[in-house]
$ cat upload.cif   # mmCIF, C-alpha atoms
data_protein
loop_
_atom_site.group_PDB
_atom_site.id
_atom_site.type_symbol
_atom_site.label_atom_id
_atom_site.label_comp_id
_atom_site.auth_asym_id
_atom_site.auth_seq_id
_atom_site.Cartn_x
_atom_site.Cartn_y
_atom_site.Cartn_z
ATOM 1 C CA MET A 150 6.144 16.111 19.411
ATOM 2 C CA PRO A 151 8.398 18.063 17.053
ATOM 3 C CA GLN A 152 7.801 21.758 16.636
ATOM 4 C CA ASN A 153 7.405 21.917 12.853
ATOM 5 C CA ILE A 154 4.757 19.214 12.542
ATOM 6 C CA ASP A 155 1.150 20.282 12.837
ATOM 7 C CA PHE A 156 -1.622 18.000 13.983
ATOM 8 C CA LEU A 157 -3.279 18.474 10.595
ATOM 9 C CA ASP A 158 -0.303 16.804 8.921
ATOM 10 C CA TYR A 159 -1.212 13.580 10.693
ATOM 11 C CA ILE A 160 -4.756 13.922 9.397
ATOM 12 C CA TRP A 161 -3.440 14.514 5.859
ATOM 13 C CA VAL A 162 -1.356 11.323 6.131
ATOM 14 C CA ALA A 163 -4.439 9.375 7.185
ATOM 15 C CA VAL A 164 -6.534 10.898 4.373
ATOM 16 C CA GLY A 165 -3.884 10.091 1.758
ATOM 17 C CA THR A 166 -3.685 6.496 2.959
ATOM 18 C CA VAL A 167 -7.461 6.041 3.080
ATOM 19 C CA LEU A 168 -7.777 7.386 -0.468
ATOM 20 C CA ALA A 169 -5.027 5.056 -1.715
ATOM 21 C CA LEU A 170 -6.339 1.825 -0.205
ATOM 22 C CA PRO A 171 -9.439 1.203 -2.389
ATOM 23 C CA GLY A 172 -7.508 1.652 -5.628
ATOM 24 C CA VAL A 173 -4.632 -0.520 -4.511
ATOM 25 C CA ILE A 174 -6.951 -3.281 -3.320
ATOM 26 C CA PHE A 175 -8.928 -3.133 -6.581
ATOM 27 C CA ILE A 176 -5.785 -3.323 -8.698
ATOM 28 C CA ALA A 177 -4.393 -6.200 -6.633
ATOM 29 C CA TYR A 178 -7.689 -8.096 -6.837
ATOM 30 C CA THR A 179 -8.105 -7.738 -10.588
ATOM 31 C CA VAL A 180 -4.494 -8.169 -11.688
ATOM 32 C CA ALA A 181 -3.183 -10.909 -9.397
ATOM 33 C CA PRO A 182 -3.666 -14.245 -11.143
ATOM 34 C CA ARG A 183 -3.247 -16.568 -8.163
ATOM 35 C CA LEU A 184 -5.165 -16.064 -4.949
ATOM 36 C CA ARG A 185 -7.208 -12.931 -5.447
ATOM 37 C CA PHE A 186 -8.384 -12.523 -1.869
ATOM 38 C CA ALA A 187 -4.902 -13.112 -0.452
ATOM 39 C CA SER A 188 -3.452 -10.545 -2.845
ATOM 40 C CA ALA A 189 -6.121 -8.020 -1.837
ATOM 41 C CA LEU A 190 -5.351 -8.704 1.822
ATOM 42 C CA GLY A 191 -1.637 -8.275 1.121
ATOM 43 C CA ALA A 192 -2.397 -4.946 -0.560
ATOM 44 C CA PHE A 193 -4.354 -3.797 2.481
ATOM 45 C CA VAL A 194 -1.587 -4.810 4.885
ATOM 46 C CA GLY A 195 1.012 -3.180 2.631
ATOM 47 C CA GLY A 196 -1.003 0.039 2.545
ATOM 48 C CA ILE A 197 -1.254 0.082 6.325
ATOM 49 C CA LEU A 198 2.492 -0.509 6.552
ATOM 50 C CA GLY A 199 2.913 2.419 4.171
ATOM 51 C CA TYR A 200 0.889 4.520 6.597
ATOM 52 C CA LEU A 201 3.184 3.479 9.435
ATOM 53 C CA VAL A 202 6.285 4.203 7.347
ATOM 54 C CA THR A 203 4.927 7.626 6.461
ATOM 55 C CA MET A 204 4.134 8.359 10.094
ATOM 56 C CA PHE A 205 7.627 7.252 11.116
ATOM 57 C CA VAL A 206 9.338 9.320 8.447
ATOM 58 C CA TRP A 207 7.094 12.335 8.925
ATOM 59 C CA GLY A 208 7.144 12.013 12.712
ATOM 60 C CA THR A 209 10.893 12.421 12.918
ATOM 61 C CA PRO A 210 11.953 15.962 13.674
ATOM 62 C CA LEU A 211 12.629 18.045 10.600
ATOM 63 C CA ASP A 212 14.457 21.105 11.838
ATOM 64 C CA SER A 213 13.861 23.638 9.091
ATOM 65 C CA VAL A 214 11.565 21.935 6.578
ATOM 66 C CA HIS A 215 7.827 22.418 6.674
ATOM 67 C CA LEU A 216 5.577 21.220 3.867
ATOM 68 C CA GLU A 217 1.952 22.072 3.304
ATOM 69 C CA GLY A 218 -0.693 19.557 4.278
ATOM 70 C CA ALA A 219 -1.733 18.701 0.734
ATOM 71 C CA VAL A 220 1.855 17.815 -0.147
ATOM 72 C CA VAL A 221 1.970 15.516 2.851
ATOM 73 C CA GLY A 222 -1.324 13.921 1.747
ATOM 74 C CA VAL A 223 -0.067 13.302 -1.791
ATOM 75 C CA GLY A 224 3.157 11.829 -0.422
ATOM 76 C CA ALA A 225 1.195 9.528 1.884
ATOM 77 C CA PHE A 226 -1.022 8.529 -1.052
ATOM 78 C CA PHE A 227 2.030 7.624 -3.124
ATOM 79 C CA ILE A 228 3.787 5.721 -0.340
ATOM 80 C CA ALA A 229 0.646 3.768 0.597
ATOM 81 C CA SER A 230 0.038 2.914 -3.067
ATOM 82 C CA VAL A 231 3.559 1.645 -3.615
ATOM 83 C CA THR A 232 3.767 -0.357 -0.395
ATOM 84 C CA GLY A 233 0.290 -1.795 -1.017
ATOM 85 C CA LEU A 234 1.260 -3.028 -4.461
ATOM 86 C CA VAL A 235 4.535 -4.427 -3.122
ATOM 87 C CA GLY A 236 2.572 -6.269 -0.422
ATOM 88 C CA ALA A 237 0.200 -7.707 -3.025
ATOM 89 C CA LEU A 238 3.090 -8.807 -5.224
ATOM 90 C CA LEU A 239 4.856 -10.474 -2.301
ATOM 91 C CA VAL A 240 1.727 -12.381 -1.289
ATOM 92 C CA ASN A 241 1.099 -13.356 -4.903
ATOM 93 C CA PHE A 242 4.674 -14.547 -5.266
ATOM 94 C CA LEU A 243 4.746 -16.499 -2.007
ATOM 95 C CA ALA A 244 1.279 -18.050 -2.262
ATOM 96 C CA PRO A 245 1.146 -21.542 -3.732
ATOM 97 C CA SER A 246 -0.735 -21.839 -6.970
ATOM 98 C CA GLN A 247 -3.981 -23.814 -6.769
ATOM 99 C CA GLN A 248 -4.487 -24.016 -10.506
ATOM 100 C CA ARG A 249 -4.031 -27.317 -12.222
ATOM 101 C CA SER A 250 -1.185 -27.526 -14.648
ATOM 102 C CA ARG A 251 -2.282 -27.411 -18.242
ATOM 103 C CA SER A 252 -0.864 -29.955 -20.581
ATOM 104 C CA THR A 253 -0.569 -29.543 -24.298
ATOM 105 C CA GLN A 254 -1.492 -33.152 -24.907
ATOM 106 C CA VAL A 255 -5.124 -34.024 -25.466
ATOM 107 C CA GLU A 256 -6.312 -36.823 -23.201
ATOM 108 C CA TYR A 257 -9.009 -39.244 -24.381
#
$ encode --input "upload.cif" --output "structure tokens"
Amino acid sequence: MPQNIDFLDYIWVAVGTVLALPGVIFIAYTVAPRLRFASALGAFVGGILGYLVTMFVWGTPLDSVHLEGAVVGVGAFFIASVTGLVGALLVNFLAPSQQRSRSTQVEY
């Protein structure tokens, strides 16, 4: 464990991610036009991947830089929000559309 990283920084990363997940899932569920549940699941997975990215970046040794815990929490919140929305967009883009195509011609 690096010297400049406190145990509380890991807790701040977890708190920032937990606070970001409900908003990201709500946005993905309400905005995504295709599969709403799949987009919400993609947002959740993306947020968890954001947590892992933050832990990897923050877990690397920083020789002379030490940030306060709240700054770490806000950074984790931002990273989890962005990766969650990217995950939702990727799932929404890759998921096949189940909606019927609308035609402009009236059928009798």
$ resolve_selection --input "upload.cif" --expression "the PyMOL selection byres ((chain A and resi 184) around 12)" --output "PyMOL selection string"
chain A and resi 177-183+185-191+237-248
$ closest_residue --input "upload.cif" --among "A:Ala192, A:Val202, A:Ala163, A:Ala219" --to "A:Val235" --atoms "all atoms listed in the file"
A:Ala192
$ atom_distance --input "upload.cif" --atom1 "atom CA of A:Ile160" --atom2 "atom CA of A:Ile176"
25.0 Å
$ resolve_selection --input "upload.cif" --expression "the PyMOL selection byres ((chain A and resi 162) around 8)" --output "PyMOL selection string"
chain A and resi 158-161+163-166+200+203-204+221-222+224-226
$ closest_residue --input "upload.cif" --among "A:Leu198, A:Val206, A:Leu170, A:Val220" --to "A:Leu157" --atoms "only C-alpha atoms"
A:Val220
$ atom_distance --input "upload.cif" --atom1 "atom CA of A:Gly196" --atom2 "atom CA of A:Glu217"
22.2 Å
$ atom_distance --input "upload.cif" --atom1 "atom CA of A:Val173" --atom2 "atom CA of A:Ala229"
8.5 Å
